[in-house]
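A.B. asks: Below is structure_27.tsv; it holds TSV, C-alpha atoms.
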```tsv
chain	number	residue	atom	x	y	z
Y	1	MET	CA	58.42	-36.91	-44.40
Y	2	SER	CA	56.53	-35.34	-47.30
Y	3	THR	CA	53.22	-36.78	-48.48
Y	4	PRO	CA	53.10	-38.02	-52.06
Y	5	ALA	CA	51.35	-35.79	-54.59
Y	6	PRO	CA	47.89	-36.98	-55.58
Y	7	THR	CA	47.78	-38.87	-58.84
Y	8	SER	CA	45.73	-37.77	-61.84
Y	9	THR	CA	43.27	-40.53	-60.97
Y	10	THR	CA	42.14	-38.74	-57.80
Y	11	PRO	CA	40.35	-35.80	-59.50
Y	12	ARG	CA	38.65	-38.22	-61.88
Y	13	LEU	CA	37.34	-40.37	-59.03
Y	14	LEU	CA	36.19	-37.26	-57.20
Y	15	SER	CA	34.42	-36.00	-60.31
Y	16	LEU	CA	32.75	-39.39	-60.78
Y	17	ALA	CA	31.60	-39.43	-57.16
Y	18	ILE	CA	30.09	-35.96	-57.55
Y	19	ARG	CA	28.28	-37.00	-60.72
Y	20	LEU	CA	26.88	-40.10	-59.05
Y	21	ARG	CA	25.36	-37.90	-56.38
Y	22	GLU	CA	23.66	-35.63	-58.90
Y	23	ALA	CA	19.90	-36.07	-59.20
Y	24	ASN	CA	19.22	-36.82	-62.86
Y	25	MET	CA	17.13	-39.20	-64.89
Y	26	PHE	CA	19.70	-41.98	-64.95
Y	27	MET	CA	20.36	-41.93	-61.20
Y	28	VAL	CA	16.66	-41.81	-60.34
Y	29	LEU	CA	16.00	-44.83	-62.56
Y	30	VAL	CA	18.95	-46.82	-61.18
Y	31	THR	CA	18.11	-46.09	-57.57
Y	32	SER	CA	14.43	-46.85	-58.22
Y	33	LEU	CA	15.44	-50.24	-59.62
Y	34	LEU	CA	17.58	-50.89	-56.54
Y	35	ILE	CA	14.65	-50.04	-54.26
Y	36	GLY	CA	12.37	-52.34	-56.27
Y	37	MET	CA	14.82	-55.23	-56.10
Y	38	LEU	CA	15.36	-54.70	-52.36
Y	39	PHE	CA	11.61	-54.67	-51.77
Y	40	GLY	CA	11.28	-57.85	-53.84
Y	41	ALA	CA	14.08	-59.52	-51.85
Y	42	ILE	CA	12.26	-58.77	-48.59
Y	43	LEU	CA	9.06	-60.25	-50.00
Y	44	ILE	CA	10.89	-63.41	-51.07
Y	45	ILE	CA	12.35	-63.83	-47.59
Y	46	VAL	CA	9.11	-63.29	-45.67
Y	47	THR	CA	6.94	-65.43	-48.00
Y	48	THR	CA	9.21	-68.44	-48.62
Y	49	SER	CA	8.53	-71.15	-46.05
Y	50	THR	CA	12.09	-72.51	-45.98
Y	51	LEU	CA	13.46	-69.03	-45.35
Y	52	THR	CA	10.96	-68.13	-42.64
Y	53	THR	CA	11.74	-71.40	-40.88
Y	54	SER	CA	15.46	-70.70	-41.11
Y	55	TRP	CA	15.02	-67.14	-39.80
Y	56	SER	CA	12.99	-68.41	-36.86
Y	57	HIS	CA	16.17	-70.22	-35.74
Y	58	PHE	CA	18.50	-67.43	-36.83
Y	59	PHE	CA	20.68	-67.40	-33.72
Y	60	SER	CA	21.35	-71.14	-34.03
Y	61	HIS	CA	22.90	-70.77	-37.49
Y	62	PRO	CA	23.08	-67.11	-38.56
Y	63	GLY	CA	25.57	-67.69	-41.35
Y	64	ALA	CA	23.55	-70.46	-42.95
Y	65	THR	CA	20.34	-68.39	-42.74
Y	66	ILE	CA	21.89	-65.38	-44.42
Y	67	ALA	CA	23.52	-67.54	-47.09
Y	68	LEU	CA	20.25	-69.37	-47.81
Y	69	SER	CA	18.37	-66.09	-48.09
Y	70	PHE	CA	20.97	-64.57	-50.38
Y	71	ASN	CA	21.10	-67.64	-52.62
Y	72	THR	CA	17.31	-67.81	-52.91
Y	73	VAL	CA	16.98	-64.15	-53.84
Y	74	TRP	CA	19.95	-64.34	-56.20
Y	75	PHE	CA	18.55	-67.40	-57.97
Y	76	ALA	CA	15.15	-65.73	-58.41
Y	77	TYR	CA	16.66	-62.61	-59.98
Y	78	GLU	CA	19.02	-64.76	-62.00
Y	79	GLN	CA	16.03	-66.55	-63.53
Y	80	ILE	CA	14.45	-63.21	-64.47
Y	81	PHE	CA	17.66	-62.22	-66.24
Y	82	TYR	CA	18.18	-65.60	-67.89
Y	83	GLY	CA	14.54	-65.88	-68.95
Y	84	ALA	CA	14.20	-62.40	-70.42
Y	85	ILE	CA	17.63	-61.27	-71.65
Y	86	VAL	CA	20.33	-63.90	-72.05
Y	87	ASN	CA	21.12	-67.29	-70.58
Y	88	PHE	CA	24.88	-67.70	-70.22
Y	89	HIS	CA	24.56	-71.49	-70.24
Y	90	SER	CA	23.00	-71.35	-73.71
Y	91	LEU	CA	25.70	-68.85	-74.73
Y	92	ARG	CA	28.38	-71.37	-73.76
Y	93	LEU	CA	26.62	-74.07	-75.79
Y	94	LEU	CA	26.40	-71.69	-78.74
Y	95	VAL	CA	30.11	-70.92	-78.60
Y	96	ASP	CA	30.94	-74.62	-78.48
Y	97	ASP	CA	28.49	-75.63	-81.21
Y	98	PRO	CA	26.91	-72.77	-83.26
Y	99	THR	CA	23.99	-74.75	-84.70
Y	100	LYS	CA	20.55	-73.36	-85.53
Y	101	ALA	CA	19.07	-75.06	-82.48
Y	102	ASN	CA	21.63	-73.47	-80.16
Y	103	TRP	CA	21.14	-70.08	-81.81
Y	104	ALA	CA	17.38	-70.40	-81.27
Y	105	THR	CA	17.87	-71.33	-77.61
Y	106	PHE	CA	20.23	-68.41	-77.08
Y	107	LEU	CA	17.94	-65.85	-78.74
Y	108	ALA	CA	14.67	-67.15	-77.25
Y	109	PRO	CA	14.69	-64.92	-74.11
Y	110	ILE	CA	15.40	-61.61	-75.85
Y	111	SER	CA	13.06	-62.55	-78.71
Y	112	ALA	CA	10.16	-63.07	-76.30
Y	113	THR	CA	10.95	-59.82	-74.47
Y	114	LEU	CA	11.07	-57.73	-77.64
Y	115	ALA	CA	7.92	-59.39	-79.02
Y	116	TYR	CA	6.02	-58.52	-75.84
Y	117	ALA	CA	7.40	-54.99	-75.71
Y	118	THR	CA	6.74	-54.09	-79.37
Y	119	PRO	CA	3.01	-53.20	-79.12
Y	120	LEU	CA	3.65	-51.66	-75.69
Y	121	ILE	CA	6.21	-49.25	-77.17
Y	122	VAL	CA	3.68	-47.87	-79.66
Y	123	ALA	CA	0.84	-47.80	-77.13
Y	124	GLY	CA	3.08	-45.99	-74.65
Y	125	LEU	CA	3.97	-43.44	-77.32
Y	126	GLY	CA	0.28	-42.78	-77.89
Y	127	LEU	CA	-0.33	-42.11	-74.20
Y	128	ALA	CA	2.86	-40.02	-74.02
Y	129	VAL	CA	1.66	-37.75	-76.84
Y	130	GLY	CA	-1.45	-36.97	-74.81
Y	131	PHE	CA	0.39	-36.59	-71.51
Y	132	ARG	CA	2.86	-34.08	-72.98
Y	133	SER	CA	-0.15	-31.94	-73.93
Y	134	ASN	CA	-1.77	-32.39	-70.52
Y	135	LEU	CA	-4.43	-34.69	-71.97
Y	136	PHE	CA	-5.18	-37.98	-70.20
Y	137	ASP	CA	-6.30	-40.54	-72.75
Y	138	ILE	CA	-7.42	-43.29	-70.39
Y	139	GLY	CA	-9.22	-45.07	-73.24
Y	140	GLY	CA	-6.08	-46.62	-74.63
Y	141	GLN	CA	-7.42	-50.13	-74.14
Y	142	GLY	CA	-10.50	-49.40	-76.21
Y	143	GLN	CA	-8.43	-47.82	-78.95
Y	144	VAL	CA	-6.10	-50.85	-79.03
Y	145	VAL	CA	-9.13	-53.15	-79.39
Y	146	ALA	CA	-10.72	-50.90	-82.03
Y	147	GLY	CA	-7.53	-51.07	-84.06
Y	148	GLY	CA	-7.53	-54.84	-83.67
Y	149	ILE	CA	-11.15	-55.18	-84.85
Y	150	MET	CA	-10.47	-53.32	-88.08
Y	151	THR	CA	-7.19	-55.17	-88.59
Y	152	VAL	CA	-8.71	-58.63	-88.26
Y	153	LEU	CA	-11.59	-57.66	-90.57
Y	154	VAL	CA	-9.15	-56.69	-93.33
Y	155	GLY	CA	-6.81	-59.53	-92.40
Y	156	PHE	CA	-9.20	-62.44	-92.94
Y	157	SER	CA	-11.19	-60.78	-95.75
Y	158	TRP	CA	-8.29	-59.94	-98.06
Y	159	HIS	CA	-5.60	-62.10	-99.56
Y	160	ILE	CA	-3.50	-59.73	-101.69
Y	161	ASN	CA	0.11	-58.62	-101.93
Y	162	PRO	CA	1.56	-58.88	-98.37
Y	163	VAL	CA	3.09	-55.38	-98.37
Y	164	VAL	CA	-0.14	-53.78	-99.59
Y	165	GLN	CA	-2.28	-55.76	-97.16
Y	166	VAL	CA	-0.12	-54.92	-94.15
Y	167	LEU	CA	-0.15	-51.24	-95.11
Y	168	CYS	CA	-3.94	-51.35	-95.40
Y	169	GLU	CA	-4.17	-53.02	-92.00
Y	170	MET	CA	-1.99	-50.29	-90.52
Y	171	PHE	CA	-4.17	-47.61	-92.09
Y	172	VAL	CA	-7.53	-48.98	-90.90
Y	173	ALA	CA	-6.16	-49.70	-87.40
Y	174	MET	CA	-4.78	-46.20	-87.02
Y	175	ALA	CA	-7.98	-44.72	-88.45
Y	176	ALA	CA	-10.12	-46.65	-85.95
Y	177	GLY	CA	-8.03	-45.56	-82.97
Y	178	ALA	CA	-7.81	-41.99	-84.26
Y	179	LEU	CA	-11.58	-41.78	-84.76
Y	180	LEU	CA	-12.29	-43.06	-81.26
Y	181	ALA	CA	-9.82	-40.77	-79.52
Y	182	GLY	CA	-10.54	-37.86	-81.88
Y	183	LEU	CA	-14.19	-37.97	-80.86
Y	184	ALA	CA	-13.13	-37.53	-77.24
Y	185	GLY	CA	-10.91	-34.65	-78.35
Y	186	VAL	CA	-13.80	-32.91	-80.12
Y	187	LEU	CA	-16.02	-33.29	-77.05
Y	188	LYS	CA	-13.20	-31.97	-74.86
Y	189	ALA	CA	-12.47	-28.97	-77.09
Y	190	TYR	CA	-16.00	-27.84	-77.94
Y	191	THR	CA	-18.20	-29.01	-75.06
Y	192	GLY	CA	-15.78	-29.18	-72.14
Y	193	ALA	CA	-16.40	-32.89	-71.56
Y	194	HIS	CA	-13.48	-34.34	-69.60
Y	195	GLU	CA	-11.37	-36.67	-71.74
Y	196	VAL	CA	-10.79	-39.07	-68.84
Y	197	ILE	CA	-14.50	-39.84	-68.46
Y	198	VAL	CA	-15.20	-39.99	-72.19
Y	199	THR	CA	-12.26	-42.24	-73.06
Y	200	MET	CA	-12.82	-44.47	-70.05
Y	201	MET	CA	-16.40	-45.13	-71.14
Y	202	THR	CA	-15.27	-46.00	-74.65
Y	203	ASN	CA	-13.23	-48.87	-73.18
Y	204	TYR	CA	-16.41	-50.63	-72.09
Y	205	ILE	CA	-18.26	-49.81	-75.30
Y	206	VAL	CA	-15.55	-51.23	-77.54
Y	207	ALA	CA	-15.10	-54.31	-75.34
Y	208	LEU	CA	-18.83	-55.07	-75.60
Y	209	ILE	CA	-18.78	-54.49	-79.36
Y	210	LEU	CA	-15.91	-56.99	-79.66
Y	211	SER	CA	-17.81	-59.60	-77.62
Y	212	TYR	CA	-20.82	-59.15	-79.89
Y	213	LEU	CA	-18.83	-59.35	-83.12
Y	214	LEU	CA	-17.03	-62.53	-82.10
Y	215	ILE	CA	-20.29	-64.50	-82.07
Y	216	GLN	CA	-21.45	-63.16	-85.44
Y	217	ASN	CA	-20.91	-65.11	-88.63
Y	218	LEU	CA	-18.83	-62.32	-90.14
Y	219	PHE	CA	-16.09	-62.68	-87.50
Y	220	ALA	CA	-16.60	-66.15	-86.00
Y	221	ARG	CA	-14.92	-69.20	-87.42
Y	222	PRO	CA	-17.20	-71.13	-89.79
Y	223	GLY	CA	-19.42	-73.50	-87.80
Y	224	VAL	CA	-17.67	-72.60	-84.52
Y	225	HIS	CA	-18.77	-69.99	-82.00
Y	226	ASP	CA	-16.05	-70.40	-79.38
Y	227	GLY	CA	-15.37	-66.70	-78.92
Y	228	ALA	CA	-12.42	-66.62	-81.33
Y	229	SER	CA	-12.36	-64.80	-84.64
Y	230	LYS	CA	-11.22	-66.04	-88.00
Y	231	THR	CA	-7.46	-66.13	-88.46
Y	232	ILE	CA	-5.68	-63.41	-90.41
Y	233	ASN	CA	-4.48	-64.70	-93.77
Y	234	PRO	CA	-0.72	-65.28	-94.04
Y	235	SER	CA	-0.47	-62.34	-96.45
Y	236	GLY	CA	-1.63	-60.05	-93.64
Y	237	GLN	CA	0.74	-61.34	-90.97
Y	238	LEU	CA	3.99	-59.63	-90.07
Y	239	PRO	CA	6.96	-61.89	-90.85
Y	240	PHE	CA	8.97	-63.38	-88.00
Y	241	LEU	CA	12.54	-62.14	-88.06
Y	242	LEU	CA	14.06	-65.34	-86.67
Y	243	ALA	CA	11.77	-67.94	-88.25
Y	244	HIS	CA	14.73	-69.45	-90.11
Y	245	LEU	CA	16.10	-70.54	-86.73
Y	246	SER	CA	12.87	-71.66	-85.07
Y	247	PRO	CA	9.13	-70.93	-85.58
Y	248	ALA	CA	8.87	-70.52	-81.79
Y	249	LEU	CA	10.82	-67.25	-81.93
Y	250	THR	CA	8.02	-64.67	-82.17
Y	251	LEU	CA	10.10	-61.54	-82.71
Y	252	ASN	CA	8.58	-59.95	-85.82
Y	253	PHE	CA	8.86	-57.02	-88.20
Y	254	GLY	CA	6.64	-54.96	-85.88
Y	255	LEU	CA	9.75	-54.07	-83.88
Y	256	PHE	CA	11.01	-51.94	-86.79
Y	257	ILE	CA	7.61	-50.25	-87.05
Y	258	ALA	CA	7.75	-49.48	-83.32
Y	259	ILE	CA	11.26	-48.00	-83.61
Y	260	ALA	CA	10.11	-45.91	-86.58
Y	261	ALA	CA	7.23	-44.66	-84.42
Y	262	VAL	CA	9.72	-43.61	-81.72
Y	263	PHE	CA	11.65	-41.51	-84.26
Y	264	ALA	CA	8.40	-40.09	-85.65
Y	265	VAL	CA	7.16	-38.95	-82.24
Y	266	GLN	CA	10.63	-37.57	-81.45
Y	267	TRP	CA	10.50	-35.54	-84.65
Y	268	TYR	CA	6.92	-34.47	-83.93
Y	269	PHE	CA	7.83	-32.86	-80.62
Y	270	ASN	CA	11.26	-31.52	-81.57
Y	271	ARG	CA	10.84	-30.40	-85.17
Y	272	SER	CA	7.18	-29.91	-86.12
Y	273	LYS	CA	5.09	-26.79	-85.56
Y	274	THR	CA	2.09	-28.85	-84.42
Y	275	GLY	CA	4.20	-30.69	-81.85
Y	276	PHE	CA	5.59	-27.41	-80.53
Y	277	GLU	CA	2.05	-26.04	-80.19
Y	278	ALA	CA	0.99	-29.20	-78.38
Y	279	LEU	CA	3.82	-28.76	-75.87
Y	280	MET	CA	2.91	-25.12	-75.34
Y	281	VAL	CA	-0.76	-25.93	-74.75
Y	282	GLY	CA	0.25	-28.69	-72.33
Y	283	GLN	CA	2.57	-26.45	-70.31
Y	284	ASN	CA	0.54	-23.24	-70.26
Y	285	PRO	CA	-2.80	-23.13	-72.15
Y	286	ASP	CA	-3.45	-19.48	-71.33
Y	287	ALA	CA	-0.06	-18.34	-72.62
Y	288	ALA	CA	-0.52	-20.51	-75.73
Y	289	ARG	CA	-3.86	-18.87	-76.51
Y	290	THR	CA	-2.33	-15.44	-75.95
Y	291	ALA	CA	0.39	-16.33	-78.46
Y	292	GLY	CA	-2.28	-17.11	-81.05
Y	293	ILE	CA	-2.27	-20.92	-80.81
Y	294	ASN	CA	-5.66	-22.52	-81.50
Y	295	ALA	CA	-5.98	-24.63	-78.35
Y	296	LYS	CA	-9.11	-26.42	-79.55
Y	297	ARG	CA	-7.44	-27.56	-82.74
Y	298	VAL	CA	-4.40	-28.72	-80.78
Y	299	VAL	CA	-6.57	-30.79	-78.42
Y	300	VAL	CA	-8.36	-32.54	-81.29
Y	301	THR	CA	-5.12	-33.12	-83.22
Y	302	THR	CA	-3.27	-34.45	-80.19
Y	303	MET	CA	-6.02	-36.88	-79.23
Y	304	THR	CA	-6.27	-38.07	-82.83
Y	305	ILE	CA	-2.54	-38.78	-83.04
Y	306	ALA	CA	-2.60	-40.54	-79.68
Y	307	GLY	CA	-5.50	-42.74	-80.77
Y	308	ALA	CA	-3.81	-43.55	-84.09
Y	309	LEU	CA	-0.74	-44.84	-82.27
Y	310	LEU	CA	-2.84	-46.94	-79.90
Y	311	GLY	CA	-4.78	-48.39	-82.83
Y	312	LEU	CA	-1.43	-49.23	-84.46
Y	313	ALA	CA	-0.41	-51.04	-81.27
Y	314	GLY	CA	-3.48	-53.28	-81.64
Y	315	MET	CA	-2.52	-54.01	-85.22
Y	316	LEU	CA	1.05	-54.95	-84.24
Y	317	GLU	CA	-0.15	-57.33	-81.53
Y	318	LEU	CA	-2.65	-58.98	-83.86
Y	319	THR	CA	-0.56	-59.33	-87.01
Y	320	GLY	CA	2.70	-60.04	-85.22
Y	321	VAL	CA	1.74	-62.47	-82.47
Y	322	ASP	CA	-1.91	-63.49	-82.02
Y	323	HIS	CA	-3.24	-63.61	-85.63
Y	324	PHE	CA	-6.84	-63.85	-84.32
Y	325	MET	CA	-9.03	-62.03	-81.81
Y	326	SER	CA	-10.53	-63.34	-78.59
Y	327	PRO	CA	-12.67	-61.56	-75.95
Y	328	ASN	CA	-9.56	-60.71	-73.92
Y	329	PHE	CA	-7.57	-59.43	-76.92
Y	330	GLY	CA	-4.90	-56.90	-76.04
Y	331	GLY	CA	-4.58	-58.07	-72.46
Y	332	SER	CA	-3.79	-54.96	-70.44
Y	333	TYR	CA	-1.68	-53.19	-73.08
Y	334	GLY	CA	-3.87	-50.09	-73.02
Y	335	PHE	CA	-3.56	-49.75	-69.26
Y	336	ASP	CA	0.09	-50.82	-69.05
Y	337	ALA	CA	0.86	-48.13	-71.61
Y	338	ILE	CA	-0.17	-45.52	-69.03
Y	339	THR	CA	2.48	-46.84	-66.67
Y	340	VAL	CA	5.06	-47.14	-69.44
Y	341	ALA	CA	4.50	-43.52	-70.45
Y	342	LEU	CA	4.84	-42.51	-66.80
Y	343	LEU	CA	8.02	-44.56	-66.39
Y	344	GLY	CA	9.48	-43.01	-69.54
Y	345	ARG	CA	8.48	-39.50	-68.41
Y	346	SER	CA	6.48	-39.19	-71.66
Y	347	LYS	CA	9.67	-38.94	-73.72
Y	348	PRO	CA	9.87	-41.17	-76.84
Y	349	TRP	CA	13.08	-43.01	-75.94
Y	350	GLY	CA	12.07	-43.11	-72.29
Y	351	VAL	CA	8.88	-44.88	-73.37
Y	352	PHE	CA	10.93	-47.26	-75.52
Y	353	PHE	CA	13.12	-48.38	-72.62
Y	354	GLY	CA	10.18	-48.37	-70.23
Y	355	ALA	CA	8.39	-50.84	-72.50
Y	356	LEU	CA	11.52	-53.00	-72.64
Y	357	PHE	CA	11.60	-53.01	-68.84
Y	358	PHE	CA	8.00	-54.20	-68.78
Y	359	GLY	CA	8.87	-56.90	-71.29
Y	360	VAL	CA	11.80	-58.07	-69.17
Y	361	MET	CA	9.65	-58.26	-66.03
Y	362	PHE	CA	6.81	-60.06	-67.80
Y	363	VAL	CA	8.88	-62.67	-69.63
Y	364	GLY	CA	11.45	-62.99	-66.83
Y	365	GLY	CA	8.72	-63.25	-64.20
Y	366	ASN	CA	7.18	-66.21	-66.01
Y	367	ALA	CA	10.60	-67.85	-66.26
Y	368	MET	CA	11.22	-67.26	-62.57
Y	369	GLN	CA	7.93	-68.90	-61.63
Y	370	ALA	CA	8.58	-71.84	-63.94
Y	371	TYR	CA	12.15	-72.61	-62.87
Y	372	THR	CA	12.54	-71.47	-59.26
Y	373	PRO	CA	12.50	-74.52	-56.93
Y	374	THR	CA	11.00	-72.43	-54.13
Y	375	SER	CA	7.93	-71.63	-56.32
Y	376	ILE	CA	8.32	-67.86	-56.31
Y	377	GLN	CA	5.27	-66.51	-58.11
Y	378	PHE	CA	5.13	-64.33	-61.21
Y	379	SER	CA	3.38	-61.64	-59.19
Y	380	LEU	CA	6.72	-60.84	-57.50
Y	381	ALA	CA	7.97	-59.41	-60.80
Y	382	GLN	CA	4.83	-57.28	-60.98
Y	383	VAL	CA	5.48	-56.00	-57.45
Y	384	ILE	CA	9.06	-55.00	-58.36
Y	385	GLN	CA	7.73	-53.32	-61.50
Y	386	ALA	CA	5.13	-51.39	-59.50
Y	387	VAL	CA	7.66	-50.23	-56.90
Y	388	VAL	CA	10.03	-48.99	-59.62
Y	389	VAL	CA	7.25	-47.04	-61.32
Y	390	PHE	CA	6.16	-45.58	-57.98
Y	391	CYS	CA	9.68	-44.40	-57.24
Y	392	VAL	CA	10.11	-42.87	-60.69
Y	393	ALA	CA	6.79	-41.09	-60.28
Y	394	THR	CA	7.93	-39.66	-56.93
Y	395	PRO	CA	11.55	-38.64	-57.61
Y	396	ALA	CA	11.64	-36.41	-54.51
Y	397	LEU	CA	11.35	-39.55	-52.36
Y	398	VAL	CA	14.26	-41.24	-54.13
Y	399	ILE	CA	16.37	-38.09	-53.91
Y	400	GLU	CA	15.74	-37.88	-50.18
Y	401	ILE	CA	16.47	-41.56	-49.51
Y	402	PHE	CA	19.79	-41.54	-51.36
Y	403	ARG	CA	20.68	-37.94	-50.48
Y	404	LEU	CA	21.17	-36.97	-54.11
Y	405	ARG	CA	22.08	-33.39	-55.01
Y	406	ASP	CA	19.02	-31.86	-56.64
Y	407	ARG	CA	19.38	-28.46	-58.28
Y	408	GLY	CA	15.69	-28.17	-59.03
Y	409	LYS	CA	15.81	-29.82	-62.45
Y	410	VAL	CA	14.21	-33.10	-61.41
Y	411	ALA	CA	11.43	-31.37	-59.51
Y	412	ALA	CA	10.75	-29.08	-62.44
Y	413	ALA	CA	10.72	-32.01	-64.85
Y	414	SER	CA	8.30	-33.91	-62.63
Y	415	THR	CA	5.95	-30.97	-62.54
Y	416	ALA	CA	6.12	-30.32	-66.26
Y	417	GLY	CA	5.65	-33.96	-67.19
Y	418	GLY	CA	9.10	-34.61	-68.63
Y	419	TRP	CA	12.81	-34.75	-67.90
Y	420	VAL	CA	15.02	-31.76	-68.55
```
Produce structure tokens that represent the structure in this file.

C.D. replies:
Amino acid sequence: MSTPAPTSTTPRLLSLAIRLREANMFMVLVTSLLIGMLFGAILIIVTTSTLTTSWSHFFSHPGATIALSFNTVWFAYEQIFYGAIVNFHSLRLLVDDPTKANWATFLAPISATLAYATPLIVAGLGLAVGFRSNLFDIGGQGQVVAGGIMTVLVGFSWHINPVVQVLCEMFVAMAAGALLAGLAGVLKAYTGAHEVIVTMMTNYIVALILSYLLIQNLFARPGVHDGASKTINPSGQLPFLLAHLSPALTLNFGLFIAIAAVFAVQWYFNRSKTGFEALMVGQNPDAARTAGINAKRVVVTTMTIAGALLGLAGMLELTGVDHFMSPNFGGSYGFDAITVALLGRSKPWGVFFGALFFGVMFVGGNAMQAYTPTSIQFSLAQVIQAVVVFCVATPALVIEIFRLRDRGKVAAASTAGGWV
């Protein structure tokens, strides 16, 4: 009896299987996410009292224990998804009754995620510009705050045409960040001072300057010294994109500025002479100097551009969400941007999606803590986030665990600071 000839589907499935085993950016990211979720599931099981009690009597009811563990983990991850991306229950309500209230409920998760990610995208781009040139601008937090200080000063002092005022706020914020980082670049280029030490110290200096300014009459609210600055005038605030549905939807025009910054940095590295020189200096400074590239000028220029983007991130956070400054302004954006740039392999669109991932874990983690009956804490989302970043930073480990076929491209990209 003859065997039937293989169908045309067989080669396609075989080709797909081979591609799935190839070590590339997409597979490393997907497998890293799987490892992070698995690690998070184990933490949920070993730290939830009802689950530990059930597992202690596992052999009495193994099926019930496994089902309870699966349901608990599933519900926790479901809340992250529902809280940060889309809630299918609200989608069903929207389909049945497309009112403004239902639209607002449906768009609330993704609006919060994008609003959180917007300044992080720009801050991550700033760090990525430095990383691609082998410069480690660890003073991102200080540059974000410096941009915020200049923004709020213009914001509550002026009340002019909104477009002009926002453009002025962008300019002064970028100038403040550029000046701070550019100074570190000058010291690096002409005195040999290490940019990590210089920029790290500026974080403390700027934080102390902010604390001082917030208790001065120029910045403090009239008659009140509660550590909060005056509020930016409405003409200096970025408009909310979904305010016609609900004022609680904080997604603002800053998202378009962040996307424009992604394209600008993409063009800078791929099309501009200065960007090409920065890449050459980052990959091989000696060869770049031999080719006639002024390495000192490249260092100063790169640090200045990086600082300008970080200052812009402070402006976007202040004019788009907060509208006033407090001693803890900026949260950990400057430091999270380091991780975002690492997660995105210092590539513009990689940084963009890395920032979105951080936004999902932040907003979804809060939703998980708020709605999970077993009181799973927000810190679990941070653990998953940290594990994913660790795996992306060590692709050789992921390749070995999943037995992916590496032809040297991933290793080379890891060494060079970017993906091939």

A.B. asks: Using all atoms listed in the file, find each residue in segment 78-173 of chain Y having at least one atom no more than 12 Å away from segment 381-401 of chain Y; report its shortest atom-to-atom pair and that distance in Å (one decimal), rows by chain then rising number, as JSON lines.

C.D. replies:
```
{"residue": "Y:Gln79", "atom": "CA", "partner": "Y:Ala381", "partner_atom": "CA", "distance": 11.1}
{"residue": "Y:Ile80", "atom": "CA", "partner": "Y:Ala381", "partner_atom": "CA", "distance": 8.4}
{"residue": "Y:Phe81", "atom": "CA", "partner": "Y:Ala381", "partner_atom": "CA", "distance": 11.5}
{"residue": "Y:Ala84", "atom": "CA", "partner": "Y:Ala381", "partner_atom": "CA", "distance": 11.8}
```

A.B. asks: Give me the residues within 7 Å of segment 239-250 of chain Y as a ChimeraX atom specification, counting only C-alpha atoms and dropping any in the same chain fewer than 5 places off.

C.D. replies: /Y:100-101,104,108,111-112,115,321

A.B. asks: Would you please work out which residue, of Y:Ser229, Y:Ser90, Y:Ser133, Y:Asn366, is nearest to Leu213 of chain Y when using all atoms listed in the file?

C.D. replies: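 Of Y:Ser229, Y:Ser90, Y:Ser133, Y:Asn366, the one nearest Leu213 of chain Y is Y:Ser229, counting all atoms listed in the file.
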
A.B. asks: Can you list, as a ChimeraX atom specification, every protein, DNA or RNA residue that comes within 10 Å of Leu187 of chain Y when you count all atoms listed in the file, leaving out same-chain residues fewer than 6 positions away?

C.D. replies: /Y:193-195,198,299-300

A.B. asks: Which residue out of Y:Tyr77, Y:Met27, Y:Leu153, Y:Arg271 has the minimum interatomic distance to Gly40 of chain Y when only C-alpha atoms are used?

C.D. replies: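 Residue with the minimum atom-to-atom distance to Gly40 of chain Y: Y:Tyr77.
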
A.B. asks: Reconstruct segment 173-181 of chain Y at the level of N, CA and C atoms, and format the result as a PDB file, in the coordinates of the input.

C.D. replies:
```pdb
ATOM      1  N   ALA Y 173      -6.346 -49.642 -88.854  1.00  0.00           N
ATOM      2  CA  ALA Y 173      -6.160 -49.700 -87.400  1.00  0.00           C
ATOM      3  C   ALA Y 173      -5.924 -48.311 -86.836  1.00  0.00           C
ATOM      4  N   MET Y 174      -5.060 -47.551 -87.481  1.00  0.00           N
ATOM      5  CA  MET Y 174      -4.780 -46.200 -87.020  1.00  0.00           C
ATOM      6  C   MET Y 174      -6.007 -45.300 -87.168  1.00  0.00           C
ATOM      7  N   ALA Y 175      -6.768 -45.519 -88.251  1.00  0.00           N
ATOM      8  CA  ALA Y 175      -7.980 -44.720 -88.450  1.00  0.00           C
ATOM      9  C   ALA Y 175      -9.013 -45.013 -87.367  1.00  0.00           C
ATOM     10  N   ALA Y 176      -9.156 -46.288 -86.992  1.00  0.00           N
ATOM     11  CA  ALA Y 176     -10.120 -46.650 -85.950  1.00  0.00           C
ATOM     12  C   ALA Y 176      -9.745 -46.031 -84.610  1.00  0.00           C
ATOM     13  N   GLY Y 177      -8.472 -46.148 -84.226  1.00  0.00           N
ATOM     14  CA  GLY Y 177      -8.030 -45.560 -82.970  1.00  0.00           C
ATOM     15  C   GLY Y 177      -8.120 -44.045 -82.994  1.00  0.00           C
ATOM     16  N   ALA Y 178      -7.760 -43.449 -84.142  1.00  0.00           N
ATOM     17  CA  ALA Y 178      -7.810 -41.990 -84.260  1.00  0.00           C
ATOM     18  C   ALA Y 178      -9.242 -41.482 -84.172  1.00  0.00           C
ATOM     19  N   LEU Y 179     -10.175 -42.193 -84.801  1.00  0.00           N
ATOM     20  CA  LEU Y 179     -11.580 -41.780 -84.760  1.00  0.00           C
ATOM     21  C   LEU Y 179     -12.125 -41.832 -83.340  1.00  0.00           C
ATOM     22  N   LEU Y 180     -11.789 -42.897 -82.624  1.00  0.00           N
ATOM     23  CA  LEU Y 180     -12.290 -43.060 -81.260  1.00  0.00           C
ATOM     24  C   LEU Y 180     -11.734 -41.997 -80.333  1.00  0.00           C
ATOM     25  N   ALA Y 181     -10.423 -41.774 -80.394  1.00  0.00           N
ATOM     26  CA  ALA Y 181      -9.820 -40.770 -79.520  1.00  0.00           C
ATOM     27  C   ALA Y 181     -10.132 -39.359 -80.013  1.00  0.00           C
TER      28      ALA Y 181
END
```
